[in-house]
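Quick notes on the structure that follows.
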Amino acid sequence: MARITKTPSQKQALGGKARRASKSVEPARRASKNKPIDLYYWPTPNGWKITIMLEECSLPYTVIPVDISKGDQFKPQFLAISPNNRMPAIVDHDGPDGRPISIFESGAILQYLGRKTGKFYPRDERGRVEVEQWLFWQMANLGPKAGEANHFRHYAPEKLPYAIARFSNEMNRVYGVMNTRLKDREFLAGNYSIADIACVGWASRAERHGHDMSGFPNVRRWLEALLGRPAVKRGLSVKVEAAFHVDMKDPKVRAVLFNQKAR
Ligand SMILES: N[C@@H](CCC(=O)N[C@@H](CS)C(=O)NCC(=O)O)C(=O)O
């Protein structure tokens with residue numbers, strides 16, 4: 001996350017120069033309009049939600065790696081943007097009223113980008129509620145449960161049968177709900193939307209993570225359609241070199257990721 005402490009954009013996001021500017025506001029606004037969105041990112045299903053959305057909307061962005069295996073997520077500069085010490089987060093230099101804005105929580109970022117661009121997030125109330133239900137469903141069910149299932153299957157120091165069964169069953173339940181929803185429709189909520197974008201990262205890894213998807217043909221059909229979209233392909237392939245070298249067995253990495261308490 002080397003760029004974080006150095007960029008002028010960071011100062012703006014934290015309420016420095018840009019907010020105090022008075023006479024020079026107009027030139028500053030013009031400058032920030034052309035600045036790409038800063039994306040604080042690590043290549044995981046939550047990070048991919050935002051790379052996919054940015055790609056779908058053709059919004060220029062700069063990737064700022066947050067090496068969560070080394071503790072970048074606890075750096076004060078990052079916590080000022082994302083107080084829950086989790087990526088993704090963004091800084092849009094051309095936020096509301098032309099002033100910069102920072103946003104954490106992938107669901108809130110997707111909603112913001114949907115409102116900003118008018119894409120993949122309907123404006124009418126019924127359409128919007130439809131999308132929000134499935135977006136929040138992802139945030140509260142598919143995402144966290146997949147994370148825990150993965151943790152107890154692959155990273156827990158002991159194989160705890162109860163925890164493995166509990167979260168594997170939950171994943172089976174969750175994909176069952178999705179399969180039923182997709183029985184008579186192409187996408188989760190009307191047209192292709194931020195709800196689908198939120199789900200595709202985890203779903204694309206389901207089999208690799210050991211979940212049997214053979215009983216969920218509608219999810220598989222939906223997944224195939226999404227993975228065929230060029231922007232989804234590009235979003236899923238935004239890489240960070242350092243992520244290839246993370247050893248999840250390294251005690252230092254495990255201490256950063258799996259031993260977090262209030263600080
Ligand atoms: N609800 C958050 C979850 C984000 C999240 O869990 N991010 C993980 C990577 S997928 C992270 O930053 N982990 C850092 C850590 O565990 O300290 C969101 O959707 O933005």
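All residue names refer to the structure tokens as shown: chains lettered A, B, ... in order, residues numbered from 1 in each chain, ligands numbered from 1 in order.
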| task | Would you list, as a PyMOL selection string, the residues of stretch 2-218 of chain A that end up in strand (DSSP E or B) under DSSP run on this structure's backbone? | result | chain A and resi 37-41+61-65+89-92+101-104
| task | Compute the set of protein, DNA and RNA residues whose minimum atom distance to ligand 1 is at most 9 Å, using only C-alpha atoms and all ligand atoms, and state it as a PyMOL selection string. | result | chain A and resi 41-47+49+66-69+71-74+84-89+104-109+139-140+143-144+147+198+256-258+260
| message | For the structure I just gave you, how does DSSP split stretch 35-192 of chain A - specifically, which residues are helix (DSSP H, G or I)? Reply as JSON, numbers by chain. | response | {"A": [45, 46, 47, 48, 49, 50, 51, 52, 53, 54, 55, 56, 72, 73, 74, 76, 77, 78, 79, 96, 97, 98, 106, 107, 108, 109, 110, 111, 112, 113, 114, 115, 116, 117, 125, 126, 127, 128, 129, 130, 131, 132, 133, 134, 135, 136, 137, 138, 139, 140, 141, 142, 143, 144, 145, 146, 147, 148, 149, 150, 151, 152, 153, 154, 155, 161, 162, 163, 164, 165, 166, 167, 168, 169, 170, 171, 172, 173, 174, 175, 176, 177, 178, 179, 180, 181, 182, 183, 184]}
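Counting only C-alpha atoms and comparing A:Gly190, A:Pro83, A:Met53, A:His209, the residue that lies closest to A:Glu148 is A:His209.
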| said: With distances taken over only C-alpha atoms, which residue among A:Gln77, A:Ser193, A:Ser102, A:Asn141 lies nearest A:Cys57? | reply: A:Ser193
| request: Mind checking which residues fall within 9 Å of A:Arg234, counting only C-alpha atoms, ignoring those fewer than 6 positions away in the same chain, and posting them as number ranges by chain? | output: A: 51-52, 55
| So, counting only C-alpha atoms, which residue among A:Ala156, A:Arg126, A:Lys70, A:Asn218 is closest to A:Val253? |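 So, comparing all the options, the nearest one is A:Lys70.
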